[in-house]
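What follows is the content of structure.tsv (TSV, C-alpha atoms and all ligand atoms).
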```tsv
chain	number	residue	atom	x	y	z
A	726	MET	CA	135.98	-253.58	-29.35
A	727	ARG	CA	139.75	-253.79	-29.63
A	728	LEU	CA	141.32	-256.91	-28.15
A	729	LEU	CA	144.84	-258.25	-27.76
A	730	VAL	CA	145.29	-262.01	-27.69
A	731	ALA	CA	148.72	-262.94	-26.30
A	732	GLU	CA	149.02	-266.67	-26.98
A	733	ASP	CA	151.96	-268.64	-28.34
A	734	ALA	CA	150.02	-271.83	-29.21
A	735	ALA	CA	149.41	-271.08	-32.91
A	736	VAL	CA	146.26	-273.17	-33.32
A	737	LEU	CA	144.57	-271.69	-30.25
A	738	ALA	CA	145.65	-268.15	-31.23
A	739	ARG	CA	144.12	-268.65	-34.68
A	740	GLN	CA	140.89	-270.06	-33.23
A	741	LEU	CA	140.62	-267.15	-30.82
A	742	ARG	CA	141.26	-264.57	-33.54
A	743	THR	CA	138.53	-266.12	-35.71
A	744	ALA	CA	135.96	-266.50	-32.94
A	745	LEU	CA	136.53	-263.05	-31.46
A	746	SER	CA	136.48	-261.40	-34.89
A	747	GLU	CA	133.22	-263.17	-35.69
A	748	ALA	CA	131.85	-261.73	-32.46
A	749	GLY	CA	132.59	-258.26	-33.86
A	750	HIS	CA	135.89	-257.50	-32.11
A	751	ALA	CA	139.04	-256.10	-33.71
A	752	VAL	CA	141.81	-258.52	-32.73
A	753	ASP	CA	145.61	-258.24	-32.60
A	754	VAL	CA	147.66	-261.33	-31.77
A	755	ALA	CA	151.01	-261.41	-29.95
A	756	GLU	CA	153.01	-264.65	-30.19
A	757	ASP	CA	155.42	-264.01	-27.33
A	758	GLY	CA	155.74	-261.96	-24.17
A	759	GLU	CA	157.99	-259.33	-25.71
A	760	GLN	CA	155.51	-258.55	-28.47
A	761	ALA	CA	152.61	-258.61	-25.99
A	762	LEU	CA	154.42	-256.21	-23.65
A	763	HIS	CA	155.09	-253.77	-26.48
A	764	LEU	CA	151.56	-253.87	-27.92
A	765	GLY	CA	149.98	-253.51	-24.47
A	766	GLU	CA	152.18	-250.50	-23.77
A	767	THR	CA	151.42	-248.74	-27.04
A	768	GLU	CA	147.91	-249.72	-28.22
A	769	PRO	CA	144.63	-248.91	-26.45
A	770	TYR	CA	143.02	-252.31	-25.87
A	771	ASP	CA	139.56	-252.75	-24.36
A	772	VAL	CA	140.53	-256.20	-23.06
A	773	VAL	CA	143.75	-258.24	-23.16
A	774	ILE	CA	143.59	-262.05	-23.15
A	775	LEU	CA	146.96	-263.07	-21.74
A	776	ASP	CA	148.35	-266.59	-21.68
A	777	LEU	CA	150.65	-266.95	-18.67
A	778	GLY	CA	152.96	-269.46	-20.36
A	779	LEU	CA	154.52	-267.21	-23.01
A	780	PRO	CA	158.04	-267.48	-24.49
A	781	ARG	CA	160.66	-264.68	-24.11
A	782	ILE	CA	158.85	-262.95	-21.25
A	783	ASP	CA	156.27	-264.93	-19.23
A	784	GLY	CA	152.71	-263.61	-18.96
A	785	LEU	CA	152.90	-262.78	-15.27
A	786	SER	CA	155.99	-260.58	-15.80
A	787	VAL	CA	154.29	-258.86	-18.75
A	788	LEU	CA	151.24	-258.13	-16.59
A	789	ARG	CA	153.36	-256.81	-13.71
A	790	ARG	CA	155.29	-254.50	-16.07
A	791	TRP	CA	152.02	-253.09	-17.49
A	792	ARG	CA	150.58	-252.42	-14.08
A	793	ALA	CA	153.86	-250.92	-12.81
A	794	THR	CA	153.82	-248.46	-15.71
A	795	GLY	CA	150.19	-247.48	-15.16
A	796	ARG	CA	148.47	-249.51	-17.89
A	797	THR	CA	144.96	-250.12	-16.54
A	798	MET	CA	143.19	-252.05	-19.35
A	799	PRO	CA	141.22	-255.12	-18.22
A	800	VAL	CA	143.33	-258.28	-18.44
A	801	LEU	CA	141.96	-261.82	-18.51
A	802	ILE	CA	144.63	-264.44	-17.94
A	803	LEU	CA	144.63	-267.91	-19.49
A	804	THR	CA	146.11	-270.52	-17.19
A	805	ALA	CA	147.26	-273.88	-18.53
A	806	ARG	CA	146.85	-275.69	-15.26
A	807	ALA	CA	143.85	-275.59	-12.98
A	808	SER	CA	146.12	-274.61	-10.12
A	809	TRP	CA	144.77	-272.09	-7.64
A	810	THR	CA	148.24	-270.64	-6.99
A	811	GLU	CA	148.62	-269.55	-10.62
A	812	LYS	CA	145.17	-267.95	-10.63
A	813	ALA	CA	145.78	-266.19	-7.31
A	814	GLU	CA	149.22	-265.01	-8.45
A	815	GLY	CA	147.70	-263.63	-11.65
A	816	LEU	CA	144.89	-261.80	-9.85
A	817	ASN	CA	147.36	-260.40	-7.33
A	818	ALA	CA	149.57	-259.18	-10.18
A	819	GLY	CA	146.66	-257.11	-11.51
A	820	ALA	CA	144.58	-259.46	-13.65
A	821	ASP	CA	140.83	-258.82	-13.64
A	822	ASP	CA	139.65	-262.31	-14.49
A	823	TYR	CA	140.96	-265.72	-15.51
A	824	LEU	CA	140.03	-268.82	-17.49
A	825	ALA	CA	141.69	-272.23	-17.16
A	826	LYS	CA	142.39	-274.12	-20.40
A	827	PRO	CA	140.52	-275.76	-21.97
A	828	PHE	CA	137.58	-273.37	-21.98
A	829	ALA	CA	134.43	-272.79	-24.01
A	830	ILE	CA	134.62	-269.80	-26.34
A	831	GLU	CA	131.14	-268.72	-25.17
A	832	GLU	CA	132.47	-268.34	-21.65
A	833	LEU	CA	135.43	-266.29	-22.86
A	834	LEU	CA	133.09	-264.03	-24.87
A	835	ALA	CA	130.79	-263.54	-21.88
A	836	ARG	CA	133.73	-262.67	-19.63
A	837	ILE	CA	135.13	-260.22	-22.21
A	838	ASN	CA	131.72	-258.51	-22.47
A	839	ALA	CA	131.48	-258.26	-18.68
A	840	LEU	CA	134.99	-256.76	-18.43
A	841	ILE	CA	134.19	-254.16	-21.10
A	842	ARG	CA	130.91	-253.19	-19.38
A	843	ARG	CA	132.52	-252.95	-15.96
A	844	ALA	CA	135.43	-250.88	-17.29
A	845	HIS	CA	132.87	-248.29	-18.41
A	846	GLY	CA	130.81	-248.46	-15.23
A	847	HIS	CA	127.87	-250.46	-16.60
A	848	ALA	CA	126.70	-253.31	-14.40
A	849	ARG	CA	123.87	-254.39	-16.70
A	850	ALA	CA	124.24	-256.01	-20.11
A	851	LEU	CA	121.29	-253.96	-21.47
A	852	ILE	CA	122.08	-250.28	-22.03
A	853	THR	CA	119.04	-248.06	-22.57
A	854	CYS	CA	119.16	-244.54	-23.92
A	855	GLY	CA	115.87	-242.81	-24.73
A	856	ARG	CA	114.11	-244.86	-27.42
A	857	LEU	CA	117.18	-247.08	-27.88
A	858	ALA	CA	117.95	-250.32	-26.08
A	859	ILE	CA	121.33	-251.96	-26.73
A	860	ASP	CA	121.68	-255.60	-25.75
A	861	THR	CA	125.45	-256.03	-25.37
A	862	VAL	CA	125.20	-259.81	-25.05
A	863	HIS	CA	123.28	-260.58	-28.23
A	864	HIS	CA	124.29	-257.40	-30.10
A	865	VAL	CA	120.68	-256.51	-30.72
A	866	VAL	CA	119.57	-252.88	-30.89
A	867	THR	CA	115.91	-251.90	-30.68
A	868	VAL	CA	114.22	-248.55	-31.32
A	869	ASP	CA	110.96	-248.29	-29.37
A	870	GLY	CA	111.06	-252.08	-29.08
A	871	THR	CA	111.56	-252.74	-32.80
A	872	PRO	CA	114.87	-254.43	-33.73
A	873	ALA	CA	117.14	-252.41	-36.02
A	874	ARG	CA	119.20	-254.25	-38.65
A	875	LEU	CA	122.77	-253.15	-38.05
A	876	THR	CA	126.03	-254.42	-39.54
A	877	ALA	CA	128.72	-255.60	-37.11
A	878	LEU	CA	130.67	-252.35	-37.48
A	879	GLU	CA	127.55	-250.20	-37.07
A	880	TYR	CA	126.73	-252.10	-33.88
A	881	GLU	CA	130.27	-251.74	-32.53
A	882	LEU	CA	130.38	-247.99	-33.13
A	883	LEU	CA	127.00	-247.53	-31.44
A	884	ALA	CA	128.10	-249.73	-28.52
A	885	VAL	CA	131.24	-247.62	-27.97
A	886	LEU	CA	129.11	-244.45	-27.87
A	887	ALA	CA	126.58	-246.13	-25.55
A	888	LEU	CA	129.32	-247.31	-23.16
A	889	HIS	CA	130.39	-243.65	-22.84
A	890	SER	CA	126.88	-242.69	-21.64
A	891	GLY	CA	126.42	-239.50	-23.63
A	892	ARG	CA	129.99	-238.22	-23.24
A	893	PRO	CA	131.78	-237.17	-26.46
A	894	VAL	CA	133.96	-239.82	-28.12
A	895	THR	CA	136.67	-238.62	-30.50
A	896	LYS	CA	137.13	-240.02	-34.00
A	897	GLY	CA	140.63	-241.10	-32.99
A	898	TYR	CA	139.26	-243.12	-30.10
A	899	LEU	CA	136.63	-244.75	-32.31
A	900	THR	CA	139.19	-245.65	-34.97
A	901	GLU	CA	141.56	-247.15	-32.42
A	902	HIS	CA	138.85	-249.22	-30.75
A	903	LEU	CA	136.97	-250.43	-33.83
A	904	TYR	CA	139.85	-251.51	-36.05
A	905	ASP	CA	142.82	-253.80	-35.55
A	906	GLN	CA	146.46	-252.88	-36.22
A	907	SER	CA	146.41	-253.93	-39.85
A	908	PHE	CA	143.51	-251.65	-40.76
A	909	ASP	CA	144.26	-248.67	-43.00
A	910	LYS	CA	142.69	-246.02	-40.77
A	911	ASP	CA	140.49	-243.53	-42.57
A	912	SER	CA	138.14	-241.31	-40.60
A	913	ASN	CA	135.77	-240.92	-43.57
A	914	THR	CA	134.73	-244.49	-42.89
A	915	LEU	CA	133.45	-243.39	-39.49
A	916	GLU	CA	131.34	-240.64	-41.05
A	917	VAL	CA	129.77	-243.19	-43.40
A	918	ILE	CA	128.93	-245.52	-40.50
A	919	VAL	CA	127.48	-242.68	-38.42
A	920	SER	CA	125.26	-241.51	-41.26
A	921	ARG	CA	123.99	-245.07	-41.77
A	922	LEU	CA	123.26	-245.34	-38.04
A	923	ARG	CA	121.32	-242.06	-38.15
A	924	ARG	CA	119.29	-243.34	-41.09
A	925	LYS	CA	118.46	-246.59	-39.29
A	926	LEU	CA	117.97	-245.30	-35.73
A	927	GLY	CA	116.83	-241.70	-36.17
A	928	GLU	CA	118.69	-238.54	-37.22
A	929	ASP	CA	118.75	-237.14	-33.67
A	930	VAL	CA	120.32	-240.22	-32.02
A	931	ILE	CA	123.98	-239.29	-32.63
A	932	GLU	CA	125.24	-235.72	-32.33
A	933	THR	CA	128.38	-234.48	-34.13
A	934	LEU	CA	130.46	-232.21	-31.93
A	935	ARG	CA	132.74	-230.08	-34.07
A	936	GLY	CA	136.35	-230.95	-33.31
A	937	LYS	CA	135.34	-233.34	-30.53
A	938	GLY	CA	133.78	-236.30	-32.32
A	939	TYR	CA	130.41	-237.87	-31.63
A	940	ARG	CA	128.12	-238.51	-28.74
A	941	LEU	CA	124.97	-240.51	-28.17
A	942	VAL	CA	122.17	-238.11	-27.33
A	943	VAL	CA	120.80	-238.94	-23.89
A	944	PRO	CA	117.31	-237.48	-23.52
B	1001	CA	CA	151.52	-270.93	-23.77
```
This entry written out as structure tokens:
Amino acid sequence: MRLLVAEDAAVLARQLRTALSEAGHAVDVAEDGEQALHLGETEPYDVVILDLGLPRIDGLSVLRRWRATGRTMPVLILTARASWTEKAEGLNAGADDYLAKPFAIEELLARINALIRRAHGHARALITCGRLAIDTVHHVVTVDGTPARLTALEYELLAVLALHSGRPVTKGYLTEHLYDQSFDKDSNTLEVIVSRLRRKLGEDVIETLRGKGYRLVVP
């Protein structure tokens, strides 16, 4: 999924980019509030991790501006102090969750996963669809109970389709949510991934809708 990390502490930002990328996410990093504001206004993030103590424009102001202009993406705020006022202020400004520094990366990953599921209306971490079961915590996909060996990108594409519960997903949407800003977007890549997924999971699992993109076939 596509994430924005807005964090001015360079070491932490680098650690987050590495850990979140290793977990299969496409990650953009903003080093100050101005950059964060702009990226959040123009790019379609699945989750934003927003440090409140940002230079140029503070995190709370960035969040308020997004919400005032109708940006609804899930936002998890990072608070430097374990103060309840900061957390409450953040939640009241439109944040969906928070973590106080220092935190364990596993907890951040779990919270990101939960925010992504909830944003798509899934309460459970296991998404089932016919013969397929998609474990969104461990990134394991099984067909009739047998694990399929998927690459990180194959898993991510399948997960996006599964989160949309059988509704069509355009190639543009997939490209924007699977790759970070620096990626040279090429829709042929998607076709290659889809054909590999069909080979591994069954030809009838993903349907191509002419001009509309792809959808997971819900039996
Ligand atoms: Ca900071």
Around (118.5, -251.0, -32.7) in the file's frame, which residues reach within 10 Å when counting only C-alpha atoms? Return as a list of chain:residue names?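 Selection result: A:Arg856, A:Leu857, A:Ala858, A:Ile859, A:Asp860, A:His864, A:Val865, A:Val866, A:Thr867, A:Val868, A:Asp869, A:Gly870, A:Thr871, A:Pro872, A:Ala873, A:Arg874, A:Leu875, A:Tyr880, A:Leu883, A:Leu922, A:Lys925, A:Leu926.
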Build an axis-aligned box that encloses every atom of stretch 899-916 of chain A listed in the file, pad it by 3 Å on each side, and report its centre and edge lengths in Å to one decimal, as JSON.
```
{"center_x": 138.9, "center_y": -247.3, "center_z": -37.2, "size_x": 21.1, "size_y": 19.3, "size_z": 18.8}
```
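Shortest separation to A:Leu741 among A:Asp821, A:Glu768, A:Glu831, A:Glu811 occurs at residue A:Glu831, atoms counted being all atoms listed in the file.
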* For A:Leu803, which residue out of A:Ile852, A:Leu888, A:Phe828, A:Ala818 is the nearest one, using all atoms listed in the file? ->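 Checking each of A:Ile852, A:Leu888, A:Phe828, A:Ala818 against A:Leu803, counting all atoms listed in the file, the winner is A:Phe828.
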Hey, could you make a per-residue contact list for chain A against ligand CA 1001 (chain B) with 6 Å as the cut-off, showing the nearest pair of atoms and its distance in Å to one decimal, counting all atoms listed in the file, sorted by chain and number, as CSV?
```
residue,atom,partner,partner_atom,distance
A:Glu732,CA,B:CA1001,CA,5.9
A:Asp733,CA,B:CA1001,CA,5.1
A:Ala734,CA,B:CA1001,CA,5.7
A:Asp776,CA,B:CA1001,CA,5.8
A:Gly778,CA,B:CA1001,CA,4.0
A:Leu779,CA,B:CA1001,CA,4.8
```
Counting only C-alpha atoms, the residue among A:Tyr770, A:Tyr939, A:Trp791, A:Trp809 that lies closest to A:Val894 is A:Tyr939
Report task. Considering only C-alpha atoms, return as a PyMOL selection string whatever protein or nucleic-acid residues lie within 12 Å of A:Glu814, sequence-local ones (same chain, fewer than 2 positions apart) excluded. Result -> chain A and resi 777+784-786+788-789+802+804+808-812+816-823
Of the candidates A:Leu899, A:Pro827, A:Gly765, A:Ala731, which shows the shortest atom-to-atom distance to A:Pro780, using all atoms listed in the file?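 Among the listed residues, A:Ala731 lies closest to A:Pro780.
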Given all atoms listed in the file as the counted atoms, nearest of A:Ser746, A:Ser920, A:Thr861, A:Thr895 to A:Gly938: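 The shortest atom-to-atom distance to A:Gly938 comes from A:Thr895.
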(message) Every residue with an atom at most 9 Å from (148.3, -255.8, -21.4) (file coordinates; all atoms listed in the file) is what I'm after, so could you write them as a ChimeraX atom specification?
(response) /A:729,731,761-766,770,772-775,787-788,790-792,796-800
In Å, how far is it from atom CA of A:Ala848 to atom CA of A:Ile918?
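Separating atom CA of A:Ala848 from atom CA of A:Ile918 is a distance of 27.3 Å.
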Which distance in Å separates atom CA of A:Asp783 and atom CA of A:Gly758, to one decimal?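 Computed distance, atom CA of A:Asp783 to atom CA of A:Gly758, equals 5.8 Å.
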